[in-house]
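Structure file query-v7.txt (compact mmCIF, C-alpha atoms) is printed below.
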```
# COMPACT_ATOMS: atom_id res chain seq x y z
CA MET A 139 38.70 43.07 -53.41
CA ASN A 140 37.01 42.92 -49.99
CA THR A 141 36.64 39.58 -48.26
CA LEU A 142 33.86 38.59 -45.94
CA PRO A 143 34.82 38.23 -42.25
CA ARG A 144 35.22 34.70 -40.98
CA LEU A 145 32.09 33.18 -39.45
CA MET A 146 32.58 32.77 -35.70
CA ARG A 147 31.01 29.83 -33.89
CA ARG A 148 30.66 28.93 -30.23
CA PHE A 149 33.37 26.44 -29.24
CA ARG A 150 32.21 22.90 -28.38
CA ASP A 151 35.60 21.23 -28.07
CA GLU A 152 36.00 20.80 -31.84
CA ASP A 153 39.29 19.60 -33.26
CA LEU A 154 41.35 22.72 -33.91
CA GLY A 155 43.76 20.98 -36.28
CA PRO A 156 47.57 21.08 -36.28
CA ARG A 157 49.33 24.05 -34.65
CA PRO A 158 46.16 25.94 -33.80
CA ARG A 159 46.40 29.62 -32.99
CA ILE A 160 44.69 30.43 -29.68
CA VAL A 161 44.22 33.89 -28.18
CA VAL A 162 43.23 34.49 -24.55
CA LEU A 163 41.87 37.94 -23.72
CA GLY A 164 42.87 39.12 -20.25
CA ALA A 165 42.36 42.20 -18.08
CA ALA A 166 44.54 44.99 -16.72
CA LYS A 167 44.55 43.58 -13.19
CA LEU A 168 47.10 41.42 -11.44
CA GLY A 169 44.58 39.17 -9.68
CA ASN A 170 42.73 38.47 -12.93
CA TYR A 171 45.99 37.35 -14.52
CA VAL A 172 46.93 35.06 -11.63
CA VAL A 173 43.61 33.19 -11.60
CA LEU A 174 43.99 32.45 -15.34
CA GLN A 175 47.18 30.41 -14.85
CA PRO A 176 45.39 27.02 -14.61
CA LEU A 177 43.62 27.84 -17.89
CA LEU A 178 46.86 28.80 -19.65
CA ARG A 179 48.66 25.72 -18.35
CA GLY A 180 45.74 23.50 -19.31
CA LEU A 181 45.62 24.93 -22.83
CA ARG A 182 49.34 24.27 -23.31
CA ARG A 183 48.98 20.66 -22.18
CA LYS A 184 45.83 20.04 -24.23
CA TYR A 185 47.31 21.70 -27.35
CA PRO A 186 51.09 21.20 -27.02
CA ASP A 187 51.80 22.44 -30.56
CA ALA A 188 49.47 25.47 -30.35
CA LEU A 189 50.55 29.08 -30.80
CA ILE A 190 49.07 30.71 -27.70
CA THR A 191 48.92 34.51 -27.42
CA TYR A 192 47.78 36.28 -24.28
CA VAL A 193 46.32 39.78 -24.61
CA GLY A 194 47.49 41.12 -21.31
CA SER A 195 48.62 44.16 -19.41
CA GLN A 196 51.60 46.39 -18.80
CA ARG A 197 50.95 45.67 -15.12
CA THR A 198 51.61 41.94 -15.53
CA ARG A 199 54.15 42.17 -18.34
CA GLU A 200 57.01 40.92 -16.13
CA LEU A 201 55.15 37.70 -15.39
CA GLU A 202 53.87 37.25 -18.95
CA ARG A 203 57.43 37.34 -20.34
CA LEU A 204 58.40 34.40 -18.13
CA ASN A 205 55.19 32.43 -18.59
CA PRO A 206 55.99 28.94 -19.99
CA TRP A 207 52.42 28.37 -21.13
CA ILE A 208 52.19 31.17 -23.71
CA ASP A 209 54.19 31.95 -26.84
CA ALA A 210 53.58 35.69 -26.93
CA SER A 211 51.71 38.46 -25.16
CA LEU A 212 50.19 41.72 -26.33
CA PRO A 213 50.13 44.33 -23.52
CA LEU A 214 46.96 46.10 -24.64
CA ALA A 215 44.45 45.65 -21.80
CA GLU A 216 44.87 49.17 -20.39
CA GLN A 217 43.86 50.62 -23.74
CA GLY A 218 40.35 49.16 -23.76
CA PRO A 219 38.45 50.14 -26.93
CA ALA A 220 41.51 52.04 -28.20
CA ALA A 221 43.33 48.71 -28.66
CA LEU A 222 41.14 47.72 -31.63
CA PRO A 223 43.50 49.07 -34.35
CA ALA A 224 46.45 47.22 -32.80
CA LEU A 225 44.47 43.97 -32.62
CA ARG A 226 43.32 44.31 -36.23
CA HIS A 227 46.89 45.00 -37.32
CA TRP A 228 48.16 41.96 -35.43
CA ARG A 229 45.42 39.81 -36.96
CA ARG A 230 46.33 40.96 -40.51
CA SER A 231 50.01 40.25 -39.86
CA LEU A 232 49.50 36.55 -39.15
CA PRO A 233 51.36 34.27 -41.57
CA GLU A 234 49.73 31.60 -43.68
CA GLN A 235 49.41 28.26 -41.90
CA GLY A 236 48.64 25.73 -44.58
CA ARG A 237 44.86 25.57 -44.15
CA GLY A 238 44.63 29.36 -44.09
CA ASP A 239 45.69 32.20 -41.87
CA GLY A 240 44.01 33.59 -38.80
CA VAL A 241 42.95 32.69 -35.30
CA ASP A 242 41.34 29.36 -34.50
CA LEU A 243 40.05 30.06 -31.00
CA VAL A 244 39.55 33.18 -28.89
CA ILE A 245 38.85 32.73 -25.18
CA ASN A 246 37.38 35.95 -23.82
CA ALA A 247 38.40 35.80 -20.15
CA ASP A 248 37.38 39.41 -19.52
CA GLY A 249 33.79 39.20 -20.66
CA HIS A 250 32.53 41.83 -18.22
CA ALA A 251 34.60 44.51 -19.96
CA PRO A 252 32.30 46.27 -22.46
CA HIS A 253 35.06 46.44 -25.09
CA SER A 254 35.93 42.74 -25.10
CA PRO A 255 33.26 41.54 -27.61
CA ALA A 256 34.65 44.04 -30.13
CA TRP A 257 38.15 42.71 -29.40
CA THR A 258 36.91 39.22 -30.20
CA GLN A 259 35.31 40.37 -33.43
CA ALA A 260 38.50 42.15 -34.50
CA LEU A 261 40.42 38.86 -34.23
CA GLU A 262 37.94 36.99 -36.49
CA PRO A 263 38.42 33.53 -34.94
CA ARG A 264 36.83 30.31 -36.14
CA PHE A 265 35.62 29.57 -32.61
CA VAL A 266 34.99 31.70 -29.53
CA VAL A 267 34.49 31.18 -25.80
CA GLY A 268 32.69 33.89 -23.86
CA ALA A 269 31.35 37.31 -24.79
CA ALA A 270 31.22 37.92 -28.54
CA PRO A 271 28.82 39.56 -31.02
CA ILE A 272 27.23 36.24 -32.03
CA PRO A 273 24.27 34.21 -30.65
CA ALA A 274 24.67 32.82 -27.15
CA GLY A 275 24.81 29.14 -28.13
CA ASP A 276 22.81 26.13 -27.00
CA HIS A 277 25.25 24.19 -24.80
CA PRO A 278 25.26 24.47 -20.97
CA LEU A 279 28.90 25.61 -21.06
CA HIS A 280 27.95 28.33 -23.54
CA ALA A 281 25.35 29.54 -21.04
CA LEU A 282 27.85 29.30 -18.19
CA ALA A 283 30.44 31.38 -20.05
CA LEU A 284 27.90 34.21 -20.41
CA ASP A 285 26.18 33.78 -17.03
CA PRO A 286 26.52 37.07 -15.08
CA HIS A 287 26.03 35.31 -11.73
CA TRP A 288 29.20 33.29 -11.22
CA ALA A 289 29.12 34.30 -7.54
CA SER A 290 25.62 32.95 -7.00
CA PRO A 291 25.35 30.16 -4.38
CA SER A 292 23.06 28.31 -6.80
CA LEU A 293 25.59 28.23 -9.66
CA VAL A 294 26.89 24.72 -8.97
CA GLU A 295 23.34 23.35 -8.74
CA ARG A 296 22.25 25.11 -11.95
CA TYR A 297 25.20 23.62 -13.86
CA ARG A 298 25.34 20.30 -12.07
CA GLY A 299 27.37 17.78 -14.02
CA TRP A 300 29.41 20.48 -15.74
CA ILE A 301 31.20 22.16 -12.82
CA GLY A 302 32.30 21.03 -9.38
CA SER A 303 32.61 24.45 -7.74
CA ASN A 304 32.18 28.15 -8.39
CA SER A 305 35.90 28.86 -8.02
CA ILE A 306 36.81 31.38 -10.71
CA ARG A 307 39.86 29.28 -11.59
CA GLU A 308 37.70 26.24 -12.36
CA LEU A 309 35.02 28.21 -14.20
CA HIS A 310 37.49 29.80 -16.62
CA CYS A 311 38.79 26.32 -17.46
CA ARG A 312 35.42 24.60 -17.74
CA VAL A 313 33.94 27.07 -20.23
CA ALA A 314 37.01 26.54 -22.44
CA TRP A 315 36.73 22.73 -22.23
CA VAL A 316 40.01 22.50 -20.32
CA ASP A 317 40.51 19.91 -17.59
CA THR A 318 43.42 20.48 -15.22
CA ALA A 319 44.27 20.90 -11.54
CA PHE A 320 42.04 23.96 -11.23
CA GLU A 321 43.39 25.20 -7.90
CA LYS A 322 47.07 24.64 -8.74
CA VAL A 323 48.37 28.09 -9.61
CA GLU A 324 51.98 28.35 -10.75
CA LEU A 325 53.93 31.58 -11.27
CA PRO A 326 57.54 32.25 -12.24
CA ALA A 327 59.70 33.35 -9.32
CA GLU A 328 63.05 35.06 -9.11
CA PRO A 329 65.33 35.31 -6.07
CA ALA A 330 64.37 38.13 -3.76
CA PRO A 331 67.05 40.36 -2.24
CA PRO A 332 68.29 39.28 1.20
CA GLY A 333 67.12 40.91 4.40
CA LEU A 334 63.43 41.25 3.59
CA PRO A 335 60.93 41.20 6.47
CA PRO A 336 59.50 37.76 7.31
CA VAL A 337 55.92 39.07 7.44
CA LEU A 338 54.38 40.89 4.47
CA ILE A 339 51.08 42.77 4.31
CA SER A 340 49.00 44.20 1.47
CA VAL A 341 46.35 46.67 2.60
CA SER A 342 45.13 48.56 -0.48
CA GLY A 343 42.61 47.76 -3.20
CA GLU A 344 41.03 49.63 -6.08
CA ARG A 345 37.62 49.75 -4.38
CA PRO A 346 36.99 51.15 -0.88
CA ALA A 347 34.85 48.10 0.00
CA LYS A 348 38.03 46.00 -0.06
CA LEU A 349 39.77 48.05 2.63
CA TRP A 350 40.12 47.24 6.33
CA PRO A 351 40.08 50.14 8.82
CA LEU A 352 43.36 51.64 9.98
CA GLU A 353 42.65 51.01 13.66
CA HIS A 354 42.17 47.30 12.95
CA TRP A 355 45.50 47.11 11.13
CA LEU A 356 47.29 48.96 13.94
CA ALA A 357 45.85 46.61 16.57
CA LEU A 358 46.65 43.52 14.51
CA LEU A 359 50.23 44.52 13.75
CA GLU A 360 50.91 45.33 17.41
CA ARG A 361 49.58 41.91 18.39
CA LEU A 362 51.59 40.16 15.66
CA GLN A 363 54.82 41.77 16.84
CA ARG A 364 54.11 40.81 20.43
CA GLU A 365 52.91 37.22 19.90
CA MET A 366 55.41 36.32 17.16
CA GLY A 367 58.30 38.03 18.95
CA LEU A 368 59.08 40.16 15.91
CA PRO A 369 61.79 42.80 16.20
CA PRO A 370 61.24 46.26 14.65
CA GLY A 371 61.27 46.24 10.86
CA SER A 372 59.96 42.67 10.60
CA ILE A 373 56.73 43.61 8.79
CA GLY A 374 56.86 44.82 5.20
CA LEU A 375 54.21 46.61 3.16
CA ILE A 376 53.90 45.36 -0.42
CA GLY A 377 51.95 46.74 -3.36
CA GLY A 378 52.33 49.05 -6.32
CA PRO A 379 54.63 52.08 -6.27
CA PRO A 380 53.32 54.77 -3.86
CA PRO A 381 51.78 57.78 -5.60
CA ALA A 382 53.25 61.23 -5.14
CA GLU A 383 49.96 62.36 -3.58
CA ALA A 384 47.72 60.08 -1.51
CA ARG A 385 44.33 60.70 -3.10
CA ARG A 386 42.58 57.32 -2.75
CA PRO A 387 41.52 55.86 0.62
CA GLY A 388 43.94 52.96 0.09
CA ASP A 389 46.82 55.39 -0.53
CA ARG A 390 46.09 57.22 2.70
CA LEU A 391 45.83 53.94 4.60
CA GLU A 392 49.23 52.81 3.34
CA ARG A 393 50.83 56.14 4.21
CA ALA A 394 49.40 56.02 7.74
CA LEU A 395 50.70 52.50 8.34
CA VAL A 396 54.21 53.46 7.25
CA ALA A 397 54.13 56.50 9.54
CA ARG A 398 52.40 55.02 12.59
CA ALA A 399 53.11 51.28 12.59
CA GLY A 400 56.74 51.40 11.52
CA VAL A 401 56.30 48.90 8.69
CA ARG A 402 59.01 48.74 6.03
CA ASP A 403 57.78 50.24 2.80
CA LEU A 404 58.50 47.77 -0.01
CA ARG A 405 55.89 49.09 -2.42
CA GLY A 406 57.18 49.09 -5.99
CA ARG A 407 60.69 48.00 -4.94
CA LEU A 408 60.45 44.40 -6.17
CA SER A 409 59.65 43.07 -9.61
CA LEU A 410 56.62 40.79 -9.65
CA PRO A 411 58.74 37.61 -10.09
CA ALA A 412 60.97 38.76 -7.20
CA LEU A 413 57.87 39.44 -5.10
CA VAL A 414 56.71 35.87 -5.77
CA GLY A 415 60.14 34.71 -4.63
CA ALA A 416 59.93 36.85 -1.50
CA LEU A 417 56.47 35.52 -0.66
CA ALA A 418 57.67 31.95 -1.07
CA ARG A 419 60.18 32.60 1.75
CA SER A 420 57.85 34.57 4.02
CA ARG A 421 56.49 33.30 7.31
CA LEU A 422 53.14 35.00 6.77
CA CYS A 423 51.23 37.27 4.40
CA ILE A 424 48.09 39.16 5.39
CA ALA A 425 46.31 40.75 2.46
CA VAL A 426 43.03 42.28 1.47
CA ASP A 427 41.43 40.97 -1.72
CA SER A 428 43.96 42.24 -4.26
CA GLY A 429 46.68 41.08 -6.62
CA PRO A 430 49.29 40.43 -3.89
CA LEU A 431 46.86 38.07 -2.16
CA HIS A 432 46.80 35.85 -5.23
CA LEU A 433 50.58 36.06 -5.58
CA ALA A 434 51.01 34.95 -1.96
CA ALA A 435 48.63 32.03 -2.37
CA ALA A 436 50.37 30.91 -5.58
CA ALA A 437 53.78 31.16 -3.87
CA GLY A 438 52.67 28.79 -1.10
CA CYS A 439 53.03 31.40 1.62
CA PRO A 440 50.85 30.99 4.74
CA THR A 441 48.23 33.60 3.91
CA VAL A 442 45.35 35.32 5.70
CA ALA A 443 42.89 36.80 3.19
CA LEU A 444 40.60 39.68 4.17
CA PHE A 445 37.45 40.01 2.07
CA GLY A 446 35.11 42.98 2.28
CA THR A 447 31.94 40.91 1.94
CA ASP A 448 28.68 40.27 3.76
CA ALA A 449 27.67 37.07 5.56
CA ASP A 450 26.88 35.37 2.23
CA GLY A 451 30.30 36.18 0.81
CA ILE A 452 28.98 38.79 -1.60
CA GLY A 453 30.71 42.14 -1.79
CA ALA A 454 33.56 43.95 -3.53
CA SER A 455 34.85 40.65 -4.92
CA PRO A 456 32.71 37.68 -3.88
CA ARG A 457 34.71 35.53 -1.49
CA ASP A 458 33.57 32.10 -2.67
CA LEU A 459 34.29 33.00 -6.30
CA TRP A 460 37.71 34.63 -5.89
CA ALA A 461 39.30 33.26 -2.71
CA PRO A 462 42.24 30.89 -3.31
CA ARG A 463 41.27 27.36 -2.29
CA ALA A 464 44.36 26.00 -0.58
CA VAL A 465 45.19 24.68 2.88
CA HIS A 466 47.75 27.45 3.47
CA VAL A 467 45.18 30.21 2.84
```

Rewrite the structure of this file - the entire thing - as C-alpha cells.
Amino acid sequence: MNTLPRLMRRFRDEDLGPRPRIVVLGAAKLGNYVVLQPLLRGLRRKYPDALITYVGSQRTRELERLNPWIDASLPLAEQGPAALPALRHWRRSLPEQGRGDGVDLVINADGHAPHSPAWTQALEPRFVVGAAPIPAGDHPLHALALDPHWASPSLVERYRGWIGSNSIRELHCRVAWVDTAFEKVELPAEPAPPGLPPVLISVSGERPAKLWPLEHWLALLERLQREMGLPPGSIGLIGGPPPAEARRPGDRLERALVARAGVRDLRGRLSLPALVGALARSRLCIAVDSGPLHLAAAAGCPTVALFGTDADGIGASPRDLWAPRAVHV
C-alpha cells in the first residue's frame, strides 16, 4: 500500500519535539563547509538532544568526522542529482521514534545548487529552511532564505530587524532561527608535523576571477622575505594535491611559484585537521578567496585575504558576504 509523502512546511521556529532529527544540506566546497560551523554549533546548543546529520563532501570528510556538533555525515555532495537514490534509501532506513519516523527539519544550506530542492523533497521533512518544492512562505526570514541577493548592499536595510549584517555566517543562522556567535568559527585541529614554514600562502581558486597575477605574487614574496628576514624555505604553498598536468590557470600559477619563487610545496601533504593546526602556529597566511582562507581565519592565524572584486565588493565571491570578520583578518 502506497503512503502519501509527508507535507512539508516552512519552518517558523516551531517546537520540534524530543530528539528531533535535523538534516543540513551542504556543498562540495571547503569554504562553504567552514562558514556553516556557527550554524552547526548553534543547532547543537539549541537542540542538545537532536540527531543532526550533515550531507557533506568527500573533500571535507576529515573535518566532518571530528565535528562535535553533528552526529553523522553523508558524503554525497559531489554526486549532485545522482545522490537522490542514496538519500531516499537513507530516509527509508530511519528507525521509528515514538511519534513516527522521518526527518523533522531540513536546512538547505546549498540553495543555489539546482539539485538541492529535489534533495529536500527526497528527505520528506516536516519543516524546511531554504530552497524546496513548496510555496515560498510569508515570513521575512522565509523571504531572506530564498533571496538571491545576499551580497546586495541593501540587504540589511531590506531585512532590518531580522539581521544585523550580510555576513554569510550570520545569514545561514538567521534563516534557521539560530542565535549564536555568528563570527566565531571553530574547527578541529590536529598537531602539524614539525619544521613547517612560518608563512603559508594559498594562491589558487576554482574561478579565474579569484586569482592574483604571478608577477604580483613574485614581488610580494620577495618583499616578505626581505622585510621579515625570512631564510630560504620559509614560505609554504598550501592547497589541494597538485594535478599531474597543470590545465587550469590556478594550477599553472602554483607551478610557476614553486619553480620561480622557491616556495615549499605543501599541497596535499597535510590532512585538513593538521592544516588547521599548522595555520594556528603560523606567523602569517596570505590567501585568495578559497577554502584555505577560511581555515586560516578559523585557526586564528594573522591572515591577508585577497578578493577578486570590484570597488563595491562584488565579484567572484562578494567580499562583504564571504570575508571572515575578525580582527586578525

Query - For CA of Leu349 in chain A and CA of Arg385 in chain A, the interatomic separation in Å (one decimal) - result: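 Separating CA of Leu349 in chain A from CA of Arg385 in chain A is a distance of 14.6 Å.
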
Quick one: residues within 6 Å of Pro219 in chain A, only C-alpha atoms counted, chain neighbours fewer than 2 positions away excluded, as a JSON list (two decimals) with C-alpha atoms, in the coordinates of the input?
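around-v5.json written:
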```json
[["chain", "number", "residue", "atom", "x", "y", "z"],
["A", 221, "ALA", "CA", 43.33, 48.71, -28.66],
["A", 222, "LEU", "CA", 41.14, 47.72, -31.63],
["A", 253, "HIS", "CA", 35.06, 46.44, -25.09]]
```

**Report entry** Nearest candidate to His310 in chain A (options A:Asn246, A:Pro369, A:Arg203, A:Leu358; using all atoms listed in the file)
**Finding:**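 Under the stated criterion, the closest residue is A:Asn246.
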
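Here the question is which of A:Leu408, A:Leu444, A:Ala270, A:Leu293 gets nearest to Ala251 in chain A using only C-alpha atoms, and that residue is A:Ala270.
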
Cut-off 9 Å: closest range 346-390 of chain A/range 414-437 of chain A atom pairs per residue, using all atoms listed in the file, as CSV:
```
residue,atom,partner,partner_atom,distance
A:Lys348,CA,A:Asp427,CA,6.3
A:Leu349,CA,A:Val426,CA,6.7
A:Trp350,CA,A:Val426,CA,7.5
A:Ile376,CA,A:Pro430,CA,7.6
A:Gly377,CA,A:Pro430,CA,6.9
```

Pull C-alpha atoms from the residues just selected and write them as a compact mmCIF listing (two decimals), in the coordinates of the input.
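File written: selection_3.txt
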```txt
# COMPACT_ATOMS: atom_id res chain seq x y z
CA LYS A 348 38.03 46.00 -0.06
CA LEU A 349 39.77 48.05 2.63
CA TRP A 350 40.12 47.24 6.33
CA ILE A 376 53.90 45.36 -0.42
CA GLY A 377 51.95 46.74 -3.36
```

Query - Selected residue, from A:Leu282, A:Leu243, A:Ala256, A:Ala382, that lies nearest to Leu154 in chain A when counting only C-alpha atoms - result: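 Nearest candidate to Leu154 in chain A out of A:Leu282, A:Leu243, A:Ala256, A:Ala382: A:Leu243.
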
Query raised in the report: So which residues fall inside 12 Å of (50.4, 42.0, -25.0) if we count all atoms listed in the file? Mind giving them as a ChimeraX atom specification?
Result: /A:161-166,190-203,208-217,221,224-225,228

Requested in this report: Name the closest residue to Val294 in chain A among the candidates A:Cys439, A:Asp458, A:His280, A:Val467; distances are taken between atoms, counting only C-alpha atoms.
Outcome: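 Closest to Val294 in chain A, using only C-alpha atoms: A:Asp458.
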
Report task. Considering only C-alpha atoms, state which residue in the set A:His354, A:Pro336, A:Thr318, A:Leu174 is at the smallest distance from Gly367 in chain A. Result -> A:Pro336

Requested in this report: In Å, rounded to a single decimal, give me how far CA of Pro379 in chain A is from CA of Arg402 in chain A.
Outcome: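 Atom-to-atom, CA of Arg402 in chain A to CA of Pro379 in chain A, that is 13.5 Å.
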
Query raised in the report: Hey, which of A:Gly438, A:Pro255, A:Phe265, A:Ile373 ends up closest to Glu152 in chain A? Count all atoms listed in the file.
Result: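 Of A:Gly438, A:Pro255, A:Phe265, A:Ile373, the one nearest Glu152 in chain A, counting all atoms listed in the file, is A:Phe265.
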
Requested in this report: For CA of Leu168 in chain A and CA of Asp151 in chain A, quote the distance in Å rounded to one decimal.
Outcome: 28.6 Å

Query - Spatial neighbours of Arg463 in chain A, max dist 10 Å, only C-alpha atoms, sep filter under 3 positions, as an MDAnalysis selection string - result: chainID A and resid 305 307 320:322 435 458:460 466:467

Requested in this report: Write out as a PyMOL selection string each polymer residue whose atoms come within 12 Å of Leu352 in chain A, counting only C-alpha atoms; drop sequence neighbours fewer than 4 positions from it.
Outcome: chain A and resi 341-342+356-359+387-399

Query raised in the report: How would you write as a PyMOL selection string the residues that get within 10 Å of (40.0, 18.4, -20.7) in the file's frame, counting all atoms listed in the file?
Result: chain A and resi 151+180-181+183-184+311-312+314-318

Listing only residues of range 300-385 of chain A within 9 Å of range 285-290 of chain A, what is the closest atom pair and its distance in Å (to one decimal) for each, using only C-alpha atoms, sorted by chain and residue number ascending, as JSON lines?
```
{"residue": "A:Asn304", "atom": "CA", "partner": "A:Trp288", "partner_atom": "CA", "distance": 6.6}
{"residue": "A:Ser305", "atom": "CA", "partner": "A:Trp288", "partner_atom": "CA", "distance": 8.6}
{"residue": "A:Ile306", "atom": "CA", "partner": "A:Trp288", "partner_atom": "CA", "distance": 7.9}
{"residue": "A:Leu309", "atom": "CA", "partner": "A:Trp288", "partner_atom": "CA", "distance": 8.3}
```

Residue selection dump (C-alpha atoms) as an mmCIF file, in the coordinates of the input:
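Result written to out.cif:
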```cif
data_model
loop_
_atom_site.group_PDB
_atom_site.id
_atom_site.type_symbol
_atom_site.label_atom_id
_atom_site.label_comp_id
_atom_site.auth_asym_id
_atom_site.auth_seq_id
_atom_site.Cartn_x
_atom_site.Cartn_y
_atom_site.Cartn_z
ATOM 1 C CA ASN A 304 32.180 28.150 -8.390
ATOM 2 C CA SER A 305 35.900 28.860 -8.020
ATOM 3 C CA ILE A 306 36.810 31.380 -10.710
ATOM 4 C CA LEU A 309 35.020 28.210 -14.200
#
```
